[in-house]
Amino acid sequence: MGLRSELLKVFEELPFAGTYPSPQKCNESQVTGNWKVQRPVVETEKCTQCWQCWIFCPDAIITRGENGPEFFYRFCKGCAVCANECPTGAITMVPELEFED
Ligand code: SF4
Ligand code: SF4
């Protein structure tokens with residue numbers, strides 16, 4: 001079996017979108033939200049609900065809310081991918097020091 005057909009077999013066995021097992025319990029050392037120095041904030045008036053942010057967030061911490069994206073800040077790393085991908089500029093990265101929580 002050649003490399004190409006072996007790779008195809010691997011791809012065929014992958015579940016849709018590719019998933020891998022994650023810890024069932026939240027370990028404090030895995031709370032990636034502690035790393036961030038800025039957080040995404042959405043202006044819902046500018047949001048067209050295209051869900052580009054939801055698709056591109058590398059940590060999958062965005063959920064599709066009724067009025068736009070909702071962020072699970074406990075695991076958001078503040079990478080700003082969502083803000084950079086948003087076509088309408090609805091997401092602004094705000095310094096963490098501006099928040100009390
Ligand atoms: S800043 Fe990064 S981790 Fe946080 S919601 Fe945006 S894309 Fe996801
Ligand atoms: S990418 Fe921007 S416009 Fe699209 S859903 Fe996210 S916040 Fe809204």
# chains A, B, ... in the order shown; residues from 1 in each chain; ligands from 1

$ residues_around --residues "Thr63 of chain A" --least-positions-apart "4" --cutoff "12 Å" --atoms "only C-alpha atoms" --output "VMD selection string"
chain A and resid 49 51 to 57 59 67 to 73 76

$ residues_near_ligand --ligand "ligand 2" --cutoff "8 Å" --atoms "only C-alpha atoms and all ligand atoms" --output "list in words"
Val42, Glu43, Thr44, Lys46, Cys47, Thr48, Gln49, Cys50, Trp51, Gln52, Cys53, Trp54, Arg64, Gly68, Pro69, Cys82, Ala83, Glu85, Cys86, Pro87, Thr88, Gly89, Ala90 and Ile91 of chain A

$ closest_residue --among "A:Glu6, A:Glu12, A:Glu66, A:Glu96" --to "ligand 1" --atoms "only C-alpha atoms and all ligand atoms"
A:Glu96

$ atom_distance --atom1 "atom CA of Val37 of chain A" --atom2 "atom CA of Asn84 of chain A"
16.4 Å

$ atom_distance --atom1 "atom 1 (S, counted along the ligand's line) of ligand 1" --atom2 "atom CA of Gln38 of chain A"
7.8 Å

$ residues_around --residues "Gly33 of chain A" --least-positions-apart "2" --cutoff "9 Å" --atoms "only C-alpha atoms" --output "ChimeraX atom specification"
/A:30-31,35-36,72-78

$ write_last_selection --atoms "C-alpha atoms" --output "PDB file, in the first residue's frame"
ATOM      1  CA  GLN A  30      -5.332  23.714  31.509  1.00  0.00           C
ATOM      2  CA  VAL A  31      -7.266  26.930  32.011  1.00  0.00           C
ATOM      3  CA  TRP A  35      -2.718  33.434  29.605  1.00  0.00           C
ATOM      4  CA  LYS A  36      -4.580  36.186  27.881  1.00  0.00           C
ATOM      5  CA  PHE A  72     -16.155  31.356  27.079  1.00  0.00           C
ATOM      6  CA  TYR A  73     -13.401  33.529  28.538  1.00  0.00           C
ATOM      7  CA  ARG A  74     -12.128  30.828  30.883  1.00  0.00           C
ATOM      8  CA  PHE A  75     -10.484  29.170  27.877  1.00  0.00           C
ATOM      9  CA  CYS A  76     -10.076  32.093  25.464  1.00  0.00           C
ATOM     10  CA  LYS A  77      -6.336  32.713  24.936  1.00  0.00           C
ATOM     11  CA  GLY A  78      -6.806  36.215  23.586  1.00  0.00           C
TER      12      GLY A  78
END

$ closest_residue --among "A:Leu14, A:Leu7, A:Glu28, A:Arg39" --to "ligand 1" --atoms "only C-alpha atoms and all ligand atoms"
A:Arg39

$ atom_distance --atom1 "atom CA of Thr32 of chain A" --atom2 "atom CA of Pro95 of chain A"
16.2 Å

$ select_by_dssp --residues "chain A" --states "strand (DSSP E or B)" --output "VMD selection string"
chain A and resid 38 to 42 62 to 65 68 to 71 91 to 95

$ select_by_dssp --residues "chain A" --states "helix (DSSP H, G or I)" --output "PyMOL selection string"
chain A and resi 3-13+28-30+32-35+52-56+81-85+96-98

$ closest_residue --among "A:Phe11, A:Ser5, A:Glu100, A:Ala60" --to "ligand 1" --atoms "only C-alpha atoms and all ligand atoms"
A:Ala60
